[in-house]
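Novice: Pasting upload.cif here (mmCIF, C-alpha atoms and all ligand atoms):
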data_data
loop_
_atom_site.label_atom_id
_atom_site.label_comp_id
_atom_site.auth_asym_id
_atom_site.auth_seq_id
_atom_site.Cartn_x
_atom_site.Cartn_y
_atom_site.Cartn_z
CA MET A 179 12.16 -1.29 -17.82
CA SER A 180 12.09 -5.08 -18.23
CA PHE A 181 10.87 -7.78 -15.86
CA ALA A 182 11.92 -11.43 -16.06
CA SER A 183 9.22 -14.06 -16.27
CA SER A 184 11.08 -15.99 -13.53
CA TRP A 185 10.80 -12.96 -11.17
CA LEU A 186 7.07 -12.60 -11.88
CA ALA A 187 6.61 -16.34 -11.19
CA LEU A 188 8.52 -16.04 -7.92
CA ARG A 189 6.36 -13.19 -6.64
CA GLU A 190 2.96 -14.44 -7.88
CA PRO A 191 2.15 -16.74 -4.89
CA ALA A 192 2.96 -13.91 -2.46
CA ASP A 193 0.79 -11.56 -4.52
CA VAL A 194 -2.12 -14.02 -4.52
CA ALA A 195 -1.87 -14.37 -0.73
CA ALA A 196 -1.66 -10.59 -0.23
CA ARG A 197 -4.49 -9.39 -2.51
CA ASP A 198 -7.40 -8.06 -0.48
CA ARG A 199 -10.31 -10.52 -0.74
CA GLY A 200 -12.89 -7.88 0.23
CA LEU A 201 -12.05 -5.73 -2.80
CA LEU A 202 -12.10 -8.77 -5.10
CA SER A 203 -15.53 -9.72 -3.76
CA ALA A 204 -16.78 -6.16 -4.29
CA LEU A 205 -15.41 -6.29 -7.85
CA SER A 206 -17.24 -9.59 -8.35
CA ASP A 207 -20.51 -7.97 -7.18
CA TRP A 208 -20.02 -5.05 -9.58
CA VAL A 209 -19.21 -7.29 -12.57
CA ASP A 210 -22.26 -9.40 -11.68
CA GLY A 211 -21.67 -12.00 -14.41
CA ARG A 212 -21.52 -9.41 -17.21
CA SER A 213 -19.22 -10.02 -20.17
CA LEU A 214 -17.55 -6.60 -19.88
CA PRO A 215 -14.44 -5.58 -21.85
CA ALA A 216 -11.59 -5.60 -19.33
CA THR A 217 -8.04 -4.36 -19.96
CA ASP A 218 -5.06 -5.30 -17.81
CA LEU A 219 -2.18 -2.83 -18.06
CA GLY A 220 1.39 -4.10 -17.69
CA CYS A 221 0.02 -7.65 -17.64
CA GLY A 222 3.34 -9.52 -17.43
CA THR A 223 2.44 -13.21 -17.72
CA GLY A 224 -1.25 -12.62 -16.83
CA SER A 225 -1.25 -12.81 -13.03
CA THR A 226 -4.12 -10.32 -12.66
CA VAL A 227 -6.37 -12.43 -14.88
CA ARG A 228 -5.54 -15.52 -12.84
CA ALA A 229 -6.23 -13.67 -9.57
CA VAL A 230 -9.52 -12.12 -10.71
CA ALA A 231 -10.86 -15.23 -12.50
CA PRO A 232 -12.25 -16.97 -9.38
CA TYR A 233 -14.24 -13.78 -8.64
CA ALA A 234 -15.29 -12.78 -12.16
CA ARG A 235 -15.08 -15.38 -14.94
CA SER A 236 -17.31 -13.53 -17.40
CA LEU A 237 -14.87 -10.74 -18.31
CA ASP A 238 -13.62 -10.30 -21.87
CA TRP A 239 -9.91 -9.58 -21.34
CA THR A 240 -7.34 -7.66 -23.35
CA LEU A 241 -3.83 -7.85 -21.89
CA VAL A 242 -1.44 -4.98 -22.57
CA ASP A 243 2.34 -4.91 -22.18
CA ASN A 244 5.35 -3.66 -24.13
CA ASP A 245 7.30 -6.91 -23.57
CA VAL A 246 6.42 -9.26 -26.41
CA ALA A 247 7.87 -12.37 -24.72
CA LEU A 248 5.76 -11.77 -21.59
CA LEU A 249 2.69 -11.17 -23.76
CA GLU A 250 3.24 -14.50 -25.54
CA GLU A 251 3.42 -16.28 -22.20
CA ALA A 252 0.34 -14.41 -20.97
CA ALA A 253 -1.62 -15.45 -24.06
CA ALA A 254 -0.59 -19.09 -23.69
CA ARG A 255 -1.43 -19.20 -19.97
CA THR A 256 -4.71 -17.24 -19.96
CA GLY A 257 -6.14 -17.65 -23.48
CA ALA A 258 -6.87 -13.91 -23.45
CA ARG A 259 -6.36 -11.44 -26.31
CA THR A 260 -3.05 -9.56 -26.06
CA ARG A 261 -1.97 -6.14 -27.30
CA PRO A 262 1.64 -4.94 -27.50
CA LEU A 263 1.71 -1.28 -26.53
CA ASP A 264 4.06 1.20 -24.88
CA LEU A 265 1.86 2.48 -22.07
CA ALA A 266 4.22 5.36 -21.41
CA ALA A 267 3.34 6.89 -24.75
CA ALA A 268 -0.33 5.97 -24.88
CA PRO A 269 -2.41 5.63 -21.69
CA GLU A 270 -5.45 6.95 -23.61
CA ALA A 271 -5.19 4.27 -26.33
CA ALA A 272 -4.72 1.56 -23.71
CA VAL A 273 -7.94 2.21 -21.78
CA GLU A 274 -10.16 3.06 -24.76
CA GLY A 275 -13.33 0.93 -24.75
CA ALA A 276 -12.60 -0.71 -21.38
CA ARG A 277 -15.37 -1.05 -18.75
CA LEU A 278 -12.83 -2.45 -16.28
CA VAL A 279 -9.19 -1.39 -16.16
CA THR A 280 -6.84 -3.43 -13.99
CA ALA A 281 -3.15 -3.25 -13.14
CA SER A 282 -0.99 -5.06 -10.61
CA ALA A 283 2.41 -3.88 -9.42
CA LEU A 284 2.51 -1.28 -12.18
CA PHE A 285 1.55 2.17 -10.94
CA ASP A 286 4.62 2.75 -8.75
CA LEU A 287 6.54 2.96 -12.07
CA VAL A 288 4.47 5.85 -13.44
CA SER A 289 4.64 9.63 -12.97
CA ALA A 290 1.96 11.92 -11.57
CA ASP A 291 1.47 13.44 -15.04
CA TRP A 292 0.97 10.03 -16.61
CA LEU A 293 -1.48 9.01 -13.87
CA GLY A 294 -3.46 12.20 -14.45
CA ARG A 295 -3.71 11.40 -18.17
CA PHE A 296 -4.76 7.85 -17.34
CA VAL A 297 -7.56 8.99 -15.01
CA GLN A 298 -8.78 11.59 -17.52
CA ALA A 299 -8.93 8.92 -20.24
CA LEU A 300 -11.19 6.54 -18.30
CA ALA A 301 -14.75 6.16 -19.54
CA PRO A 302 -17.23 7.45 -16.93
CA ASP A 303 -18.63 3.91 -16.62
CA ALA A 304 -15.27 2.16 -16.18
CA ALA A 305 -14.15 0.58 -12.90
CA VAL A 306 -10.49 0.38 -11.83
CA TYR A 307 -8.89 -2.47 -9.88
CA ALA A 308 -5.26 -1.59 -9.12
CA ALA A 309 -3.55 -4.09 -6.85
CA LEU A 310 -0.19 -4.42 -5.12
CA ASN A 311 0.88 -0.78 -5.27
CA TYR A 312 4.10 -0.62 -3.24
CA ASP A 313 3.57 1.86 -0.40
CA GLY A 314 7.07 2.15 1.07
CA ARG A 315 6.57 0.18 4.31
CA GLU A 316 9.28 -2.41 4.89
CA ALA A 317 10.20 -4.43 7.97
CA TRP A 318 13.08 -6.90 7.77
CA SER A 319 13.71 -9.14 10.75
CA PRO A 320 16.26 -9.55 12.24
CA ALA A 321 16.96 -5.92 11.28
CA PRO A 322 19.97 -5.63 8.94
CA PRO A 323 22.66 -3.04 9.80
CA HIS A 324 22.22 0.39 8.13
CA GLU A 325 18.59 -0.49 7.30
CA ALA A 326 17.10 3.01 7.73
CA GLN A 327 19.73 4.65 5.52
CA ALA A 328 19.38 1.92 2.89
CA LEU A 329 15.58 2.10 2.81
CA ALA A 330 15.70 5.89 2.38
CA ALA A 331 18.11 5.40 -0.54
CA PHE A 332 15.85 2.72 -2.03
CA HIS A 333 12.92 5.13 -1.93
CA ARG A 334 15.02 7.80 -3.68
CA HIS A 335 15.86 5.23 -6.36
CA GLN A 336 12.17 4.38 -6.68
CA ALA A 337 11.44 7.99 -7.65
CA GLY A 338 13.68 7.70 -10.73
CA ASP A 339 12.38 7.54 -14.29
CA LYS A 340 11.15 4.02 -15.23
CA GLY A 341 10.07 5.16 -18.69
CA PHE A 342 7.04 7.25 -17.62
CA GLY A 343 8.81 10.33 -16.21
CA PRO A 344 9.70 10.74 -12.48
CA SER A 345 8.08 7.76 -10.73
CA LEU A 346 5.49 8.11 -8.01
CA GLY A 347 7.00 5.07 -6.25
CA PRO A 348 5.41 4.60 -2.81
CA GLN A 349 3.00 7.53 -3.43
CA ALA A 350 1.29 5.87 -6.39
CA GLY A 351 -1.63 4.14 -4.65
CA ALA A 352 -2.64 7.15 -2.54
CA THR A 353 -2.25 9.50 -5.54
CA LEU A 354 -4.43 7.30 -7.74
CA ALA A 355 -7.07 7.06 -4.99
CA ALA A 356 -7.17 10.86 -4.62
CA MET A 357 -7.35 11.49 -8.38
CA LEU A 358 -10.20 9.00 -8.89
CA ALA A 359 -12.16 10.23 -5.86
CA GLN A 360 -11.85 13.80 -7.13
CA ARG A 361 -13.44 12.75 -10.43
CA GLY A 362 -16.35 11.07 -8.66
CA TRP A 363 -15.29 7.41 -8.52
CA LYS A 364 -16.23 5.50 -5.33
CA VAL A 365 -12.79 4.47 -4.11
CA ARG A 366 -11.89 1.77 -1.60
CA VAL A 367 -8.33 0.94 -0.59
CA ALA A 368 -7.05 -1.97 1.46
CA ASP A 369 -3.79 -3.29 2.81
CA SER A 370 -2.12 -5.97 0.68
CA ALA A 371 1.27 -6.26 2.33
CA TRP A 372 3.48 -9.24 1.68
CA ARG A 373 4.13 -11.05 4.96
CA LEU A 374 6.97 -13.41 4.13
CA GLY A 375 8.46 -16.08 6.36
CA ALA A 376 10.69 -19.13 6.24
CA GLY A 377 8.64 -20.66 3.40
CA GLU A 378 9.49 -17.73 1.12
CA ARG A 379 13.30 -17.72 1.40
CA PRO A 380 13.89 -17.59 -2.40
CA LEU A 381 11.64 -14.53 -2.70
CA ILE A 382 13.30 -12.88 0.32
CA ARG A 383 16.75 -13.43 -1.21
CA ALA A 384 15.64 -12.12 -4.61
CA LEU A 385 14.19 -9.01 -2.94
CA ALA A 386 17.44 -8.53 -1.04
CA GLU A 387 19.47 -8.73 -4.26
CA GLY A 388 17.12 -6.42 -6.19
CA SER A 389 17.09 -3.78 -3.47
CA ALA A 390 20.89 -4.03 -3.06
CA GLU A 391 21.32 -3.29 -6.77
CA ALA A 392 19.07 -0.22 -6.44
CA VAL A 393 20.78 1.06 -3.28
CA ALA A 394 24.24 0.50 -4.79
CA ALA A 395 23.18 2.60 -7.79
CA THR A 396 22.41 5.53 -5.48
CA GLY A 397 25.89 5.37 -3.85
CA ALA A 398 24.29 5.77 -0.39
CA LEU A 399 26.00 2.62 0.89
CA VAL A 400 29.28 1.32 -0.51
CA GLY A 401 31.91 -1.31 0.27
CA ARG A 402 31.64 -3.10 3.62
CA ARG A 403 28.51 -1.22 4.69
CA LEU A 404 26.67 -2.22 1.51
CA ALA A 405 27.87 -5.84 1.82
CA ASP A 406 26.82 -6.08 5.50
CA TRP A 407 23.38 -4.62 4.79
CA ARG A 408 22.84 -6.92 1.79
CA ALA A 409 23.91 -9.97 3.82
CA GLY A 410 21.54 -8.91 6.63
CA ARG A 411 18.63 -8.69 4.21
CA ARG A 412 19.49 -12.05 2.60
CA ALA A 413 19.48 -13.66 6.06
CA ALA A 414 16.13 -12.17 7.13
CA THR A 415 13.57 -14.73 8.30
CA ALA A 416 10.52 -12.46 8.41
CA VAL A 417 9.85 -9.66 5.93
CA GLU A 418 6.91 -7.32 5.52
CA ILE A 419 6.59 -5.23 2.34
CA GLY A 420 3.71 -2.78 2.28
CA HIS A 421 1.25 -2.63 -0.62
CA LEU A 422 -2.10 -1.05 -1.19
CA ASP A 423 -4.97 -2.49 -3.27
CA LEU A 424 -7.54 -0.13 -4.77
CA LEU A 425 -11.01 -0.64 -6.21
CA ALA A 426 -12.75 2.35 -7.76
CA LEU A 427 -16.32 2.00 -8.98
CA PRO A 428 -17.44 4.49 -11.60
CA PRO A 429 -19.82 7.43 -11.19
CA GLU A 430 -21.99 5.93 -13.98
CA GLY A 431 -22.91 2.27 -14.50
C1 LIG B 501 6.20 -5.46 -11.94
S1 LIG B 501 5.67 -6.08 -13.48
C2 LIG B 501 4.02 -6.60 -13.07
C3 LIG B 501 3.48 -7.63 -14.03
C4 LIG B 501 2.11 -8.20 -13.68
N1 LIG B 501 1.10 -7.16 -13.62
C5 LIG B 501 2.17 -8.93 -12.37
O1 LIG B 501 1.59 -8.45 -11.38
O2 LIG B 501 2.78 -10.02 -12.33
C6 LIG B 501 5.38 -4.61 -14.47
C7 LIG B 501 4.89 -4.91 -15.86
O3 LIG B 501 4.70 -3.67 -16.55
C8 LIG B 501 5.22 -3.79 -17.86
N2 LIG B 501 5.64 -2.46 -18.32
C9 LIG B 501 6.61 -1.67 -17.81
N3 LIG B 501 6.73 -0.54 -18.53
C10 LIG B 501 5.81 -0.63 -19.55
C11 LIG B 501 5.45 0.21 -20.64
N4 LIG B 501 6.06 1.37 -20.83
N5 LIG B 501 4.45 -0.20 -21.45
C12 LIG B 501 3.82 -1.37 -21.26
N6 LIG B 501 4.12 -2.22 -20.23
C13 LIG B 501 5.12 -1.85 -19.40
C14 LIG B 501 6.41 -4.75 -17.72
O4 LIG B 501 6.77 -5.36 -18.96
C15 LIG B 501 5.85 -5.75 -16.70
O5 LIG B 501 5.15 -6.79 -17.32
#
Represent the structure of the file as structure tokens.
Specialist:
Amino acid sequence: MSFASSWLALREPADVAARDRGLLSALSDWVDGRSLPATDLGCGTGSTVRAVAPYARSLDWTLVDNDVALLEEAAARTGARTRPLDLAAAPEAAVEGARLVTASALFDLVSADWLGRFVQALAPDAAVYAALNYDGREAWSPAPPHEAQALAAFHRHQAGDKGFGPSLGPQAGATLAAMLAQRGWKVRVADSAWRLGAGERPLIRALAEGSAEAVAATGALVGRRLADWRAGRRAATAVEIGHLDLLALPPEG
């Protein structure tokens, strides 16, 4: 699945505003100025590095993605080492040697099997910071017609295969939290919903178009009903999209 640099740029300010500051501060305390090897999975253009930097400047980053153009931009904008890798095939190789593993807006693409392999592959002294995991909550105001039916269809589309097997979609954050807690990590989760208003009209419209494409692909809404719902979403003036941030500190170290 590919992601345009322009889409990542459009969402980054909303992501920065939504990230839970308490978890970033706790991560900062854990890093404690150490020059630890940190790996960001599905790095895109490097937004996680930019978001974490004010809290932990000492980290030695490796940025992983399978999109070479995004990796080039990430390298230019962050100065970090980059590594082209298909995460779907190799979660174990991706996290090898990392004391901190991060990912933003990635885990809703992965399957439960893949997530299990990822958790098993973590070193017992590695922390995990996984931000902006879509959790399924959406509130569009004024409410578009057919919204409940469309959102249910969108969630069905989210469960499709994005290259990692059947996707966890909105279940990803809670599933990751449960898997890490079961293996002894100290897990904290926090709300990181986007709360978008009049200042974020371009992002609202892009979200409306992206979700309309997904819902159209399911066939749940067609013709006039699809057009009316899409127009209602495009015209929304207040939008809340639920996300969950997670910080898991390791059993050792
Ligand atoms: C929603 S974007 C998030 C990008 C970035 N973390 C951010 O928050 O701006 C998902 C990222 O995962 C990457 N990705 C998707 N499937 C991948 C795969 N199989 N292997 C490596 N990276 C992948 C995409 O190229 C994209 O950069």
Novice: Set up a box along x, y and z of the file covering all listed atoms of ligand LIG 501 (chain B), add 6 Å on every one of the six sides, and write the centre and edge lengths in Å to one decimal, as lines of an AutoDock Vina configuration file.
Specialist:
center_x = 3.9
center_y = -4.3
center_z = -16.4
size_x = 17.7
size_y = 23.4
size_z = 22.1
Novice: Kindly provide, as a list in words, all nucleotide and amino acid residues lying within 6 Å of ligand LIG 501 (chain B), counting all atoms listed in the file.
Specialist: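 Within the 6 Å cut-off, the matching residues are Met179, Ser180, Phe181, Leu186, Gly220, Cys221, Gly222, Ser225, Asp243, Asn244, Asp245, Leu263, Asp264, Leu265, Ala266, Ala281, Ser282, Ala283, Leu284 and Gly341 of chain A.
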Novice: Which of these, A:Ala352, A:Ala247, A:Ala321, A:Leu425, has the shortest distance to Ala413 in chain A once you count all atoms listed in the file?
Specialist: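 For Ala413 in chain A, the nearest of the candidates is A:Ala321.
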Novice: From the list A:Asp303, A:Asp210, A:Glu316, A:Glu418, which residue is nearest Glu430 in chain A when using all atoms listed in the file?
Specialist: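 Going through A:Asp303, A:Asp210, A:Glu316, A:Glu418 one by one, the smallest distance to Glu430 in chain A is for A:Asp303.
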Novice: List the spatial neighbours of Leu300 in chain A as a PyMOL selection string - criterion: any atom at most 12 Å away, all atoms listed in the file, same-chain residues fewer than 6 positions off excluded.
Specialist: chain A and resi 217+269-280+293-294+306+357-358+361-363+426-430
Novice: When distances are computed from only C-alpha atoms, which of A:Gly410, A:Pro262, A:Gly343, A:Gly224 shows the smallest separation from Glu190 in chain A?
Specialist: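 For Glu190 in chain A, the nearest of the given residues is A:Gly224.
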Novice: So what do you get for CA of Leu241 in chain A versus CA of Leu381 in chain A, distance-wise?
Specialist: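 Result for CA of Leu241 in chain A versus CA of Leu381 in chain A: 25.5 Å, one decimal.
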Novice: Counting only C-alpha atoms, figure out which residue out of A:Ala309, A:Val365, A:Leu219, A:Ala386 gets nearest to Phe296 in chain A.
Specialist: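 Result for the nearest residue to Phe296 in chain A: A:Leu219.
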Novice: Using all atoms listed in the file, which of the listed residues (A:Gly401, A:Asp238, A:Trp185, A:Asp291) sits closest to Gly388 in chain A?
Specialist: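 When distances to Gly388 in chain A are compared using all atoms listed in the file, the smallest one comes from A:Trp185.
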Novice: Rank nothing, just name the residue among A:Val297, A:Val230, A:Ala308, A:Ala409 nearest to Ala359 in chain A, using only C-alpha atoms.
Specialist: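 Answer, going by the shortest atom-to-atom distance: A:Val297.
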Novice: Would you compute the distance between CA of Leu329 in chain A and CA of Arg189 in chain A? Give it in Å to one decimal.
Specialist: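 Here the two named atoms are 20.2 Å from each other.
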Novice: What is the distance between CA of Pro232 in chain A and CA of Arg259 in chain A, in Å to one decimal?
Specialist: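 About the pair CA of Pro232 in chain A and CA of Arg259 in chain A: they are 18.8 Å apart.
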